[in-house]
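Source file structure36.cif; content: mmCIF, N, CA and C atoms and all ligand atoms.
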```
data_my_file
loop_
_atom_site.label_atom_id
_atom_site.label_comp_id
_atom_site.auth_asym_id
_atom_site.auth_seq_id
_atom_site.Cartn_x
_atom_site.Cartn_y
_atom_site.Cartn_z
N MET A 34 -16.95 4.25 20.32
CA MET A 34 -17.19 3.26 19.27
C MET A 34 -15.88 2.89 18.55
N LYS A 35 -15.68 1.61 18.37
CA LYS A 35 -14.46 1.17 17.68
C LYS A 35 -14.80 0.88 16.22
N ASN A 36 -14.14 1.61 15.33
CA ASN A 36 -14.40 1.41 13.90
C ASN A 36 -13.65 0.20 13.35
N LYS A 37 -14.34 -0.52 12.47
CA LYS A 37 -13.74 -1.66 11.79
C LYS A 37 -12.68 -1.17 10.80
N LEU A 38 -13.05 -0.10 10.11
CA LEU A 38 -12.16 0.48 9.11
C LEU A 38 -11.62 1.81 9.63
N THR A 39 -10.30 1.89 9.74
CA THR A 39 -9.67 3.09 10.30
C THR A 39 -8.66 3.68 9.31
N PHE A 40 -8.10 4.82 9.66
CA PHE A 40 -7.09 5.45 8.81
C PHE A 40 -5.70 5.03 9.29
N GLU A 41 -4.78 4.90 8.35
CA GLU A 41 -3.41 4.55 8.72
C GLU A 41 -2.59 5.84 8.66
N MET A 42 -2.07 6.27 9.81
CA MET A 42 -1.34 7.53 9.83
C MET A 42 0.16 7.27 9.96
N VAL A 43 0.81 7.24 8.82
CA VAL A 43 2.24 6.94 8.76
C VAL A 43 3.04 8.23 8.88
N PRO A 44 3.88 8.37 9.91
CA PRO A 44 4.67 9.60 10.02
C PRO A 44 5.56 9.79 8.79
N GLU A 45 5.73 11.04 8.40
CA GLU A 45 6.48 11.36 7.19
C GLU A 45 7.83 10.67 7.09
N GLU A 46 8.52 10.64 8.24
CA GLU A 46 9.84 10.03 8.28
C GLU A 46 9.82 8.57 7.84
N CYS A 47 8.68 7.92 7.99
CA CYS A 47 8.58 6.48 7.70
C CYS A 47 8.06 6.19 6.30
N TRP A 48 7.77 7.24 5.53
CA TRP A 48 7.17 7.03 4.21
C TRP A 48 8.01 6.14 3.32
N TYR A 49 9.32 6.22 3.49
CA TYR A 49 10.18 5.47 2.56
C TYR A 49 10.57 4.11 3.11
N SER A 50 10.02 3.77 4.29
CA SER A 50 10.31 2.43 4.80
C SER A 50 9.17 1.47 4.45
N ASN A 51 8.41 1.80 3.40
CA ASN A 51 7.38 0.85 2.98
C ASN A 51 8.03 -0.35 2.30
N LEU A 52 7.37 -1.50 2.42
CA LEU A 52 7.97 -2.76 1.97
C LEU A 52 8.31 -2.78 0.49
N ARG A 53 7.48 -2.11 -0.29
CA ARG A 53 7.71 -2.10 -1.72
C ARG A 53 9.08 -1.51 -2.06
N SER A 54 9.55 -0.56 -1.24
CA SER A 54 10.87 -0.01 -1.54
C SER A 54 11.99 -0.71 -0.75
N ILE A 55 11.64 -1.40 0.33
CA ILE A 55 12.67 -2.11 1.11
C ILE A 55 13.02 -3.44 0.46
N LEU A 56 11.99 -4.13 -0.02
CA LEU A 56 12.19 -5.50 -0.50
C LEU A 56 12.55 -5.58 -1.98
N LYS A 57 13.18 -6.67 -2.34
CA LYS A 57 13.38 -6.95 -3.75
C LYS A 57 12.00 -7.27 -4.32
N PRO A 58 11.76 -6.92 -5.60
CA PRO A 58 10.43 -7.17 -6.18
C PRO A 58 9.94 -8.62 -6.00
N LYS A 59 10.84 -9.58 -6.11
CA LYS A 59 10.38 -10.97 -6.00
C LYS A 59 9.98 -11.31 -4.56
N ASP A 60 10.63 -10.69 -3.60
CA ASP A 60 10.26 -10.92 -2.19
C ASP A 60 8.93 -10.25 -1.86
N TRP A 61 8.74 -9.05 -2.38
CA TRP A 61 7.46 -8.36 -2.17
C TRP A 61 6.31 -9.19 -2.78
N ASP A 62 6.59 -9.82 -3.92
CA ASP A 62 5.58 -10.70 -4.54
C ASP A 62 5.21 -11.85 -3.62
N ILE A 63 6.19 -12.43 -2.96
CA ILE A 63 5.92 -13.53 -2.02
C ILE A 63 5.01 -13.04 -0.91
N VAL A 64 5.33 -11.87 -0.38
CA VAL A 64 4.58 -11.32 0.76
C VAL A 64 3.15 -11.00 0.36
N ARG A 65 2.99 -10.36 -0.79
CA ARG A 65 1.61 -9.97 -1.14
C ARG A 65 0.78 -11.17 -1.59
N ARG A 66 1.42 -12.13 -2.25
CA ARG A 66 0.66 -13.33 -2.65
C ARG A 66 0.19 -14.11 -1.43
N ASP A 67 1.01 -14.13 -0.40
CA ASP A 67 0.63 -14.78 0.86
C ASP A 67 -0.60 -14.07 1.45
N ALA A 68 -0.60 -12.76 1.39
CA ALA A 68 -1.74 -11.99 1.92
C ALA A 68 -3.01 -12.30 1.11
N TYR A 69 -2.87 -12.38 -0.20
CA TYR A 69 -4.03 -12.68 -1.05
C TYR A 69 -4.55 -14.08 -0.76
N ALA A 70 -3.62 -15.04 -0.59
CA ALA A 70 -4.03 -16.43 -0.34
C ALA A 70 -4.82 -16.53 0.96
N ARG A 71 -4.37 -15.83 2.00
CA ARG A 71 -5.06 -15.87 3.30
C ARG A 71 -6.44 -15.22 3.21
N ALA A 72 -6.60 -14.25 2.31
CA ALA A 72 -7.87 -13.51 2.22
C ALA A 72 -8.96 -14.33 1.53
N LYS A 73 -8.57 -15.31 0.76
CA LYS A 73 -9.52 -16.16 0.03
C LYS A 73 -10.56 -15.35 -0.76
N GLY A 74 -10.05 -14.35 -1.47
CA GLY A 74 -10.93 -13.59 -2.36
C GLY A 74 -11.82 -12.55 -1.70
N ARG A 75 -11.62 -12.35 -0.39
CA ARG A 75 -12.45 -11.35 0.30
C ARG A 75 -11.58 -10.31 1.00
N CYS A 76 -12.07 -9.08 1.02
CA CYS A 76 -11.38 -8.02 1.74
C CYS A 76 -11.32 -8.37 3.22
N ARG A 77 -10.15 -8.22 3.83
CA ARG A 77 -9.98 -8.61 5.24
C ARG A 77 -10.65 -7.64 6.20
N ILE A 78 -11.09 -6.50 5.72
CA ILE A 78 -11.78 -5.57 6.61
C ILE A 78 -13.30 -5.62 6.42
N CYS A 79 -13.76 -5.37 5.20
CA CYS A 79 -15.22 -5.31 5.02
C CYS A 79 -15.81 -6.65 4.61
N GLY A 80 -14.96 -7.61 4.21
CA GLY A 80 -15.45 -8.94 3.88
C GLY A 80 -16.04 -9.07 2.48
N ARG A 81 -16.01 -7.97 1.75
CA ARG A 81 -16.59 -7.98 0.41
C ARG A 81 -15.76 -8.86 -0.54
N PRO A 82 -16.44 -9.75 -1.29
CA PRO A 82 -15.69 -10.55 -2.26
C PRO A 82 -15.18 -9.65 -3.38
N THR A 83 -13.93 -9.77 -3.73
CA THR A 83 -13.38 -8.95 -4.81
C THR A 83 -12.28 -9.68 -5.55
N ALA A 84 -12.28 -9.51 -6.86
CA ALA A 84 -11.26 -10.17 -7.69
C ALA A 84 -9.95 -9.40 -7.61
N ARG A 85 -10.06 -8.13 -7.23
CA ARG A 85 -8.86 -7.29 -7.24
C ARG A 85 -8.49 -6.87 -5.82
N LEU A 86 -7.70 -7.70 -5.16
CA LEU A 86 -7.26 -7.38 -3.81
C LEU A 86 -5.97 -6.55 -3.87
N GLU A 87 -5.75 -5.74 -2.85
CA GLU A 87 -4.53 -4.94 -2.76
C GLU A 87 -3.85 -5.23 -1.42
N ALA A 88 -2.52 -5.35 -1.45
CA ALA A 88 -1.79 -5.66 -0.22
C ALA A 88 -1.55 -4.40 0.60
N HIS A 89 -1.94 -4.46 1.86
CA HIS A 89 -1.78 -3.30 2.74
C HIS A 89 -0.89 -3.67 3.93
N GLU A 90 0.11 -2.83 4.18
CA GLU A 90 1.02 -3.06 5.31
C GLU A 90 0.40 -2.52 6.59
N GLN A 91 0.32 -3.37 7.59
CA GLN A 91 -0.21 -2.91 8.87
C GLN A 91 0.94 -2.69 9.85
N TRP A 92 1.11 -1.45 10.24
CA TRP A 92 2.19 -1.09 11.17
C TRP A 92 1.59 -0.67 12.51
N SER A 93 2.34 -0.90 13.58
CA SER A 93 1.94 -0.32 14.85
C SER A 93 2.99 0.74 15.19
N TYR A 94 2.58 1.72 15.99
CA TYR A 94 3.50 2.82 16.33
C TYR A 94 3.62 2.96 17.84
N ASP A 95 4.82 2.74 18.34
CA ASP A 95 5.09 2.97 19.76
C ASP A 95 5.76 4.33 19.85
N GLU A 96 4.99 5.33 20.27
CA GLU A 96 5.50 6.69 20.25
C GLU A 96 6.56 6.93 21.32
N GLU A 97 6.49 6.19 22.43
CA GLU A 97 7.50 6.32 23.49
C GLU A 97 8.87 5.89 22.97
N LYS A 98 8.88 4.77 22.27
CA LYS A 98 10.14 4.20 21.78
C LYS A 98 10.49 4.65 20.36
N ALA A 99 9.61 5.44 19.73
CA ALA A 99 9.77 5.82 18.32
C ALA A 99 10.00 4.58 17.46
N LEU A 100 9.13 3.60 17.68
CA LEU A 100 9.26 2.32 17.00
C LEU A 100 8.07 2.06 16.09
N GLN A 101 8.37 1.87 14.82
CA GLN A 101 7.36 1.50 13.84
C GLN A 101 7.53 0.02 13.58
N LYS A 102 6.50 -0.77 13.88
CA LYS A 102 6.65 -2.23 13.79
C LYS A 102 5.64 -2.81 12.82
N LEU A 103 6.14 -3.64 11.92
CA LEU A 103 5.25 -4.31 10.97
C LEU A 103 4.49 -5.42 11.69
N GLU A 104 3.16 -5.37 11.64
CA GLU A 104 2.34 -6.36 12.33
C GLU A 104 1.77 -7.41 11.38
N ASP A 105 1.51 -6.99 10.15
CA ASP A 105 0.89 -7.91 9.19
C ASP A 105 0.84 -7.24 7.83
N VAL A 106 0.66 -8.05 6.80
CA VAL A 106 0.33 -7.52 5.49
C VAL A 106 -1.01 -8.16 5.13
N VAL A 107 -2.02 -7.35 4.92
CA VAL A 107 -3.36 -7.88 4.69
C VAL A 107 -3.89 -7.46 3.32
N ALA A 108 -4.76 -8.30 2.78
CA ALA A 108 -5.36 -8.01 1.48
C ALA A 108 -6.67 -7.25 1.68
N LEU A 109 -6.77 -6.11 1.02
CA LEU A 109 -7.96 -5.26 1.15
C LEU A 109 -8.57 -4.99 -0.22
N CYS A 110 -9.86 -4.66 -0.22
CA CYS A 110 -10.49 -4.20 -1.45
C CYS A 110 -10.01 -2.77 -1.72
N HIS A 111 -10.19 -2.31 -2.92
CA HIS A 111 -9.72 -0.98 -3.29
C HIS A 111 -10.34 0.10 -2.39
N GLY A 112 -11.63 -0.06 -2.09
CA GLY A 112 -12.35 0.93 -1.28
C GLY A 112 -11.76 1.07 0.12
N CYS A 113 -11.52 -0.04 0.78
CA CYS A 113 -10.94 0.01 2.14
C CYS A 113 -9.51 0.55 2.09
N HIS A 114 -8.76 0.16 1.05
CA HIS A 114 -7.37 0.62 0.94
C HIS A 114 -7.32 2.14 0.75
N GLU A 115 -8.29 2.66 0.00
CA GLU A 115 -8.34 4.12 -0.20
C GLU A 115 -8.63 4.85 1.12
N VAL A 116 -9.44 4.24 1.97
CA VAL A 116 -9.72 4.87 3.27
C VAL A 116 -8.46 4.85 4.14
N LYS A 117 -7.75 3.71 4.12
CA LYS A 117 -6.51 3.59 4.91
C LYS A 117 -5.56 4.75 4.61
N HIS A 118 -5.43 5.07 3.32
CA HIS A 118 -4.50 6.15 2.91
C HIS A 118 -5.31 7.38 2.53
N ILE A 119 -6.07 7.88 3.47
CA ILE A 119 -7.06 8.92 3.20
C ILE A 119 -6.45 10.21 2.65
N SER A 120 -5.28 10.60 3.12
CA SER A 120 -4.71 11.88 2.65
C SER A 120 -4.40 11.82 1.16
N ARG A 121 -3.77 10.72 0.77
CA ARG A 121 -3.44 10.52 -0.64
C ARG A 121 -4.73 10.44 -1.47
N THR A 122 -5.72 9.74 -0.92
CA THR A 122 -7.00 9.56 -1.62
C THR A 122 -7.70 10.89 -1.83
N GLN A 123 -7.66 11.75 -0.82
CA GLN A 123 -8.28 13.07 -0.95
C GLN A 123 -7.52 13.90 -1.99
N LEU A 124 -6.20 13.76 -2.00
CA LEU A 124 -5.38 14.51 -2.96
C LEU A 124 -5.72 14.17 -4.40
N ILE A 125 -6.06 12.91 -4.65
CA ILE A 125 -6.38 12.54 -6.04
C ILE A 125 -7.87 12.71 -6.34
N GLY A 126 -8.58 13.38 -5.43
CA GLY A 126 -9.97 13.74 -5.70
C GLY A 126 -10.99 12.64 -5.44
N ARG A 127 -10.61 11.65 -4.60
CA ARG A 127 -11.55 10.56 -4.32
C ARG A 127 -12.01 10.56 -2.86
N GLY A 128 -11.92 11.75 -2.24
CA GLY A 128 -12.31 11.88 -0.83
C GLY A 128 -13.76 11.53 -0.57
N GLN A 129 -14.63 11.93 -1.47
CA GLN A 129 -16.06 11.67 -1.31
C GLN A 129 -16.36 10.16 -1.29
N GLU A 130 -15.78 9.44 -2.25
CA GLU A 130 -15.97 7.99 -2.33
C GLU A 130 -15.45 7.32 -1.07
N ALA A 131 -14.28 7.77 -0.61
CA ALA A 131 -13.68 7.17 0.58
C ALA A 131 -14.56 7.43 1.81
N MET A 132 -15.12 8.61 1.90
CA MET A 132 -15.99 8.93 3.02
C MET A 132 -17.22 8.03 3.00
N GLU A 133 -17.80 7.84 1.83
CA GLU A 133 -18.98 6.98 1.72
C GLU A 133 -18.67 5.54 2.09
N HIS A 134 -17.50 5.07 1.65
CA HIS A 134 -17.11 3.69 1.96
C HIS A 134 -16.88 3.54 3.47
N PHE A 135 -16.24 4.51 4.07
CA PHE A 135 -15.99 4.51 5.52
C PHE A 135 -17.31 4.41 6.29
N GLN A 136 -18.28 5.20 5.86
CA GLN A 136 -19.58 5.22 6.54
C GLN A 136 -20.32 3.89 6.38
N LYS A 137 -20.21 3.31 5.19
CA LYS A 137 -20.90 2.06 4.92
C LYS A 137 -20.30 0.93 5.77
N VAL A 138 -18.96 0.83 5.75
CA VAL A 138 -18.30 -0.28 6.46
C VAL A 138 -18.47 -0.12 7.97
N ASN A 139 -18.35 1.09 8.46
CA ASN A 139 -18.43 1.31 9.91
C ASN A 139 -19.86 1.58 10.40
N GLU A 140 -20.79 1.62 9.45
CA GLU A 140 -22.19 1.92 9.78
C GLU A 140 -22.28 3.16 10.66
N CYS A 141 -21.75 4.25 10.14
CA CYS A 141 -21.73 5.48 10.93
C CYS A 141 -22.12 6.68 10.07
N SER A 142 -22.23 7.82 10.71
CA SER A 142 -22.66 9.04 10.03
C SER A 142 -21.46 9.79 9.43
N GLN A 143 -21.79 10.82 8.66
CA GLN A 143 -20.75 11.68 8.08
C GLN A 143 -19.99 12.41 9.19
N MET A 144 -20.73 12.77 10.24
CA MET A 144 -20.12 13.43 11.41
C MET A 144 -19.08 12.50 12.05
N ASP A 145 -19.43 11.22 12.17
CA ASP A 145 -18.48 10.24 12.74
C ASP A 145 -17.21 10.16 11.90
N PHE A 146 -17.39 10.22 10.58
CA PHE A 146 -16.24 10.20 9.68
C PHE A 146 -15.34 11.39 9.97
N HIS A 147 -15.94 12.58 10.04
CA HIS A 147 -15.13 13.78 10.24
C HIS A 147 -14.44 13.78 11.60
N MET A 148 -15.11 13.24 12.60
CA MET A 148 -14.49 13.17 13.93
C MET A 148 -13.31 12.20 13.93
N ALA A 149 -13.51 11.06 13.28
CA ALA A 149 -12.44 10.06 13.21
C ALA A 149 -11.25 10.61 12.43
N LEU A 150 -11.53 11.37 11.39
CA LEU A 150 -10.46 11.94 10.57
C LEU A 150 -9.69 13.02 11.35
N ALA A 151 -10.41 13.83 12.10
CA ALA A 151 -9.75 14.86 12.90
C ALA A 151 -8.82 14.21 13.93
N GLU A 152 -9.30 13.14 14.53
CA GLU A 152 -8.50 12.42 15.52
C GLU A 152 -7.26 11.81 14.88
N ALA A 153 -7.44 11.24 13.69
CA ALA A 153 -6.32 10.63 12.97
C ALA A 153 -5.29 11.69 12.58
N ASN A 154 -5.77 12.87 12.20
CA ASN A 154 -4.84 13.94 11.83
C ASN A 154 -4.03 14.42 13.02
N GLU A 155 -4.65 14.42 14.20
CA GLU A 155 -3.91 14.77 15.41
C GLU A 155 -2.82 13.74 15.67
N THR A 156 -3.18 12.48 15.50
CA THR A 156 -2.21 11.39 15.69
C THR A 156 -1.04 11.56 14.72
N TYR A 157 -1.37 11.91 13.49
CA TYR A 157 -0.36 12.11 12.45
C TYR A 157 0.61 13.23 12.84
N LEU A 158 0.05 14.35 13.28
CA LEU A 158 0.89 15.49 13.66
C LEU A 158 1.78 15.14 14.85
N ARG A 159 1.19 14.43 15.83
CA ARG A 159 1.95 14.04 17.01
C ARG A 159 3.11 13.12 16.63
N ARG A 160 2.83 12.15 15.75
CA ARG A 160 3.89 11.22 15.32
C ARG A 160 4.96 11.92 14.50
N ASN A 161 4.56 12.96 13.78
CA ASN A 161 5.52 13.70 12.97
C ASN A 161 6.49 14.52 13.81
N ARG A 162 6.09 14.84 15.05
CA ARG A 162 6.98 15.61 15.93
C ARG A 162 8.06 14.72 16.54
N ILE A 163 7.89 13.40 16.41
CA ILE A 163 8.86 12.46 16.96
C ILE A 163 9.94 12.21 15.90
N GLU A 164 11.19 12.26 16.34
CA GLU A 164 12.28 12.06 15.38
C GLU A 164 12.99 10.74 15.62
N GLY A 165 13.60 10.23 14.57
CA GLY A 165 14.42 9.03 14.68
C GLY A 165 13.63 7.73 14.80
N TRP A 166 12.55 7.62 14.05
CA TRP A 166 11.76 6.39 14.05
C TRP A 166 12.63 5.20 13.64
N VAL A 167 12.46 4.11 14.36
CA VAL A 167 13.16 2.87 14.03
C VAL A 167 12.11 1.89 13.49
N THR A 168 12.47 1.17 12.45
CA THR A 168 11.53 0.24 11.82
C THR A 168 11.85 -1.20 12.18
N ASP A 169 10.84 -1.90 12.65
CA ASP A 169 11.01 -3.32 13.02
C ASP A 169 10.19 -4.17 12.05
N ILE A 170 10.91 -4.94 11.21
CA ILE A 170 10.18 -5.79 10.27
C ILE A 170 10.46 -7.26 10.55
N SER A 171 10.65 -7.58 11.83
CA SER A 171 10.94 -8.97 12.18
C SER A 171 9.78 -9.90 11.80
N TRP A 172 8.57 -9.36 11.71
CA TRP A 172 7.43 -10.17 11.27
C TRP A 172 7.73 -10.87 9.95
N LEU A 173 8.36 -10.12 9.04
CA LEU A 173 8.72 -10.65 7.73
C LEU A 173 9.72 -11.77 7.82
N GLU A 174 10.74 -11.51 8.65
CA GLU A 174 11.83 -12.48 8.73
C GLU A 174 11.38 -13.79 9.36
N THR A 175 10.48 -13.71 10.36
CA THR A 175 10.02 -14.95 10.97
C THR A 175 9.03 -15.67 10.06
N ARG A 176 8.22 -14.94 9.34
CA ARG A 176 7.20 -15.57 8.52
C ARG A 176 7.72 -16.10 7.19
N PHE A 177 8.64 -15.38 6.59
CA PHE A 177 9.05 -15.74 5.23
C PHE A 177 10.53 -16.08 5.06
N ASP A 178 11.31 -15.84 6.09
CA ASP A 178 12.74 -16.07 5.94
C ASP A 178 13.30 -15.23 4.78
N ILE A 179 12.93 -13.97 4.77
CA ILE A 179 13.38 -13.07 3.71
C ILE A 179 14.62 -12.30 4.16
N LYS A 180 15.61 -12.25 3.29
CA LYS A 180 16.81 -11.47 3.57
C LYS A 180 16.65 -10.09 2.95
N LEU A 181 16.99 -9.08 3.71
CA LEU A 181 16.84 -7.73 3.20
C LEU A 181 18.00 -7.33 2.32
N ARG A 182 17.72 -6.50 1.34
CA ARG A 182 18.78 -6.08 0.44
C ARG A 182 19.64 -5.01 1.09
ZN ZN A 201 -12.97 -3.70 1.97
#
```
Show how you would write the structure in this file as structure tokens.
Ligand SMILES: [Zn+2]
Amino acid sequence: MKNKLTFEMVPEECWYSNLRSILKPKDWDIVRRDAYARAKGRCRICGRPTARLEAHEQWSYDEEKALQKLEDVVALCHGCHEVKHISRTQLIGRGQEAMEHFQKVNECSQMDFHMALAEANETYLRRNRIEGWVTDISWLETRFDIKLR
């Protein structure tokens, strides 16, 4: 079964290559406002209308090449965003809410949640064993003509 809402497993080495720290604040504003405009007031994953969208960076990971590539920045509701960053969400004590949201959006059981999480944790550990990740943010440069600082 393919879940609509999945976990984002960012290898530790890549934690500091998030756009908020790479970009100048005004450039990050351009990127996230573009994501909000495309979403038209709805979460891009669950489709729920929400006044408070959050910008989420979508990366792909090529483990052979140790390449982390930015694929998109999408606007999500708070609930979906919390699931994406499940480890952080569990740390701040909102694991239960995230699990419930995951089950609702994916129409699955608690067991399915735990299985998906175990699989994601394996992916995380495997990616963490890879060294020298390279970050490709050409998506930004082609879409926005943004110069990096
Ligand atoms: Zn959502």
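Pairwise distance (atom CA of Glu164 of chain A, atom CA of Trp92 of chain A) equals 17.1 Å.
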Among the residues of segment 82-178 of chain A, find those DSSP assigns to helix (DSSP H, G or I) from the backbone and print them as a short mmCIF file (atom, residue, chain, number, x, y, z; two decimals) with N, CA and C atoms, keeping the file's coordinate frame.
```cif
data_model
loop_
_atom_site.label_atom_id
_atom_site.label_comp_id
_atom_site.auth_asym_id
_atom_site.auth_seq_id
_atom_site.Cartn_x
_atom_site.Cartn_y
_atom_site.Cartn_z
N HIS A 111 -10.19 -2.31 -2.92
CA HIS A 111 -9.72 -0.98 -3.29
C HIS A 111 -10.34 0.10 -2.39
N GLY A 112 -11.63 -0.06 -2.09
CA GLY A 112 -12.35 0.93 -1.28
C GLY A 112 -11.76 1.07 0.12
N CYS A 113 -11.52 -0.04 0.78
CA CYS A 113 -10.94 0.01 2.14
C CYS A 113 -9.51 0.55 2.09
N HIS A 114 -8.76 0.16 1.05
CA HIS A 114 -7.37 0.62 0.94
C HIS A 114 -7.32 2.14 0.75
N GLU A 115 -8.29 2.66 0.00
CA GLU A 115 -8.34 4.12 -0.20
C GLU A 115 -8.63 4.85 1.12
N VAL A 116 -9.44 4.24 1.97
CA VAL A 116 -9.72 4.87 3.27
C VAL A 116 -8.46 4.85 4.14
N LYS A 117 -7.75 3.71 4.12
CA LYS A 117 -6.51 3.59 4.91
C LYS A 117 -5.56 4.75 4.61
N ILE A 119 -6.07 7.88 3.47
CA ILE A 119 -7.06 8.92 3.20
C ILE A 119 -6.45 10.21 2.65
N SER A 120 -5.28 10.60 3.12
CA SER A 120 -4.71 11.88 2.65
C SER A 120 -4.40 11.82 1.16
N ARG A 121 -3.77 10.72 0.77
CA ARG A 121 -3.44 10.52 -0.64
C ARG A 121 -4.73 10.44 -1.47
N THR A 122 -5.72 9.74 -0.92
CA THR A 122 -7.00 9.56 -1.62
C THR A 122 -7.70 10.89 -1.83
N GLN A 123 -7.66 11.75 -0.82
CA GLN A 123 -8.28 13.07 -0.95
C GLN A 123 -7.52 13.90 -1.99
N LEU A 124 -6.20 13.76 -2.00
CA LEU A 124 -5.38 14.51 -2.96
C LEU A 124 -5.72 14.17 -4.40
N GLY A 128 -11.92 11.75 -2.24
CA GLY A 128 -12.31 11.88 -0.83
C GLY A 128 -13.76 11.53 -0.57
N GLN A 129 -14.63 11.93 -1.47
CA GLN A 129 -16.06 11.67 -1.31
C GLN A 129 -16.36 10.16 -1.29
N GLU A 130 -15.78 9.44 -2.25
CA GLU A 130 -15.97 7.99 -2.33
C GLU A 130 -15.45 7.32 -1.07
N ALA A 131 -14.28 7.77 -0.61
CA ALA A 131 -13.68 7.17 0.58
C ALA A 131 -14.56 7.43 1.81
N MET A 132 -15.12 8.61 1.90
CA MET A 132 -15.99 8.93 3.02
C MET A 132 -17.22 8.03 3.00
N GLU A 133 -17.80 7.84 1.83
CA GLU A 133 -18.98 6.98 1.72
C GLU A 133 -18.67 5.54 2.09
N HIS A 134 -17.50 5.07 1.65
CA HIS A 134 -17.11 3.69 1.96
C HIS A 134 -16.88 3.54 3.47
N PHE A 135 -16.24 4.51 4.07
CA PHE A 135 -15.99 4.51 5.52
C PHE A 135 -17.31 4.41 6.29
N GLN A 136 -18.28 5.20 5.86
CA GLN A 136 -19.58 5.22 6.54
C GLN A 136 -20.32 3.89 6.38
N LYS A 137 -20.21 3.31 5.19
CA LYS A 137 -20.90 2.06 4.92
C LYS A 137 -20.30 0.93 5.77
N VAL A 138 -18.96 0.83 5.75
CA VAL A 138 -18.30 -0.28 6.46
C VAL A 138 -18.47 -0.12 7.97
N ASN A 139 -18.35 1.09 8.46
CA ASN A 139 -18.43 1.31 9.91
C ASN A 139 -19.86 1.58 10.40
N GLN A 143 -21.79 10.82 8.66
CA GLN A 143 -20.75 11.68 8.08
C GLN A 143 -19.99 12.41 9.19
N MET A 144 -20.73 12.77 10.24
CA MET A 144 -20.12 13.43 11.41
C MET A 144 -19.08 12.50 12.05
N ASP A 145 -19.43 11.22 12.17
CA ASP A 145 -18.48 10.24 12.74
C ASP A 145 -17.21 10.16 11.90
N PHE A 146 -17.39 10.22 10.58
CA PHE A 146 -16.24 10.20 9.68
C PHE A 146 -15.34 11.39 9.97
N HIS A 147 -15.94 12.58 10.04
CA HIS A 147 -15.13 13.78 10.24
C HIS A 147 -14.44 13.78 11.60
N MET A 148 -15.11 13.24 12.60
CA MET A 148 -14.49 13.17 13.93
C MET A 148 -13.31 12.20 13.93
N ALA A 149 -13.51 11.06 13.28
CA ALA A 149 -12.44 10.06 13.21
C ALA A 149 -11.25 10.61 12.43
N LEU A 150 -11.53 11.37 11.39
CA LEU A 150 -10.46 11.94 10.57
C LEU A 150 -9.69 13.02 11.35
N ALA A 151 -10.41 13.83 12.10
CA ALA A 151 -9.75 14.86 12.90
C ALA A 151 -8.82 14.21 13.93
N GLU A 152 -9.30 13.14 14.53
CA GLU A 152 -8.50 12.42 15.52
C GLU A 152 -7.26 11.81 14.88
N ALA A 153 -7.44 11.24 13.69
CA ALA A 153 -6.32 10.63 12.97
C ALA A 153 -5.29 11.69 12.58
N ASN A 154 -5.77 12.87 12.20
CA ASN A 154 -4.84 13.94 11.83
C ASN A 154 -4.03 14.42 13.02
N GLU A 155 -4.65 14.42 14.20
CA GLU A 155 -3.91 14.77 15.41
C GLU A 155 -2.82 13.74 15.67
N THR A 156 -3.18 12.48 15.50
CA THR A 156 -2.21 11.39 15.69
C THR A 156 -1.04 11.56 14.72
N TYR A 157 -1.37 11.91 13.49
CA TYR A 157 -0.36 12.11 12.45
C TYR A 157 0.61 13.23 12.84
N LEU A 158 0.05 14.35 13.28
CA LEU A 158 0.89 15.49 13.66
C LEU A 158 1.78 15.14 14.85
N ARG A 159 1.19 14.43 15.83
CA ARG A 159 1.95 14.04 17.01
C ARG A 159 3.11 13.12 16.63
N ARG A 160 2.83 12.15 15.75
CA ARG A 160 3.89 11.22 15.32
C ARG A 160 4.96 11.92 14.50
N ASN A 161 4.56 12.96 13.78
CA ASN A 161 5.52 13.70 12.97
C ASN A 161 6.49 14.52 13.81
N SER A 171 10.65 -7.58 11.83
CA SER A 171 10.94 -8.97 12.18
C SER A 171 9.78 -9.90 11.80
N TRP A 172 8.57 -9.36 11.71
CA TRP A 172 7.43 -10.17 11.27
C TRP A 172 7.73 -10.87 9.95
N LEU A 173 8.36 -10.12 9.04
CA LEU A 173 8.72 -10.65 7.73
C LEU A 173 9.72 -11.77 7.82
N GLU A 174 10.74 -11.51 8.65
CA GLU A 174 11.83 -12.48 8.73
C GLU A 174 11.38 -13.79 9.36
N THR A 175 10.48 -13.71 10.36
CA THR A 175 10.02 -14.95 10.97
C THR A 175 9.03 -15.67 10.06
N ARG A 176 8.22 -14.94 9.34
CA ARG A 176 7.20 -15.57 8.52
C ARG A 176 7.72 -16.10 7.19
N PHE A 177 8.64 -15.38 6.59
CA PHE A 177 9.05 -15.74 5.23
C PHE A 177 10.53 -16.08 5.06
#
```
inquiry  = Can you pull out the residues contacting Glu90 of chain A? Cut-off 8 Å, using all atoms listed in the file, and skip same-chain residues under 6 positions away; I want them as a ChimeraX atom specification.
reply    = /A:51-52,103-108
message = List as a VMD selection string the protein and nucleic acid residues lying within 6.5 Å of ligand ZN 201 (chain A), with all atoms listed in the file counted.
response = chain A and resid 76 to 81 109 to 114
Given only C-alpha atoms, how would the per-residue table for segment 107-140 of chain A near segment 34-41 of chain A read, listing every residue at most 10 Å away with its closest atom pair and distance in Å to one decimal, sorted by chain and number, as a tab-separated table?
```
residue	atom	partner	partner_atom	distance
A:Cys113	CA	A:Leu38	CA	7.1
A:His114	CA	A:Phe40	CA	9.2
A:Glu115	CA	A:Phe40	CA	9.2
A:Val116	CA	A:Phe40	CA	6.2
A:Lys117	CA	A:Phe40	CA	4.4
A:His118	CA	A:Glu41	CA	6.1
A:Ile119	CA	A:Phe40	CA	6.6
A:Ser120	CA	A:Phe40	CA	9.2
A:His134	CA	A:Leu38	CA	9.3
A:Phe135	CA	A:Leu38	CA	6.6
A:Gln136	CA	A:Leu38	CA	9.2
A:Lys137	CA	A:Leu38	CA	9.8
A:Val138	CA	A:Leu38	CA	6.7
A:Asn139	CA	A:Asn36	CA	5.7
A:Glu140	CA	A:Asn36	CA	8.8
```
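In this comparison, which uses all atoms listed in the file, the residue of A:Gly165, A:Gly128, A:Gly74, A:Pro58 approaching Gln101 of chain A most closely is A:Gly165.
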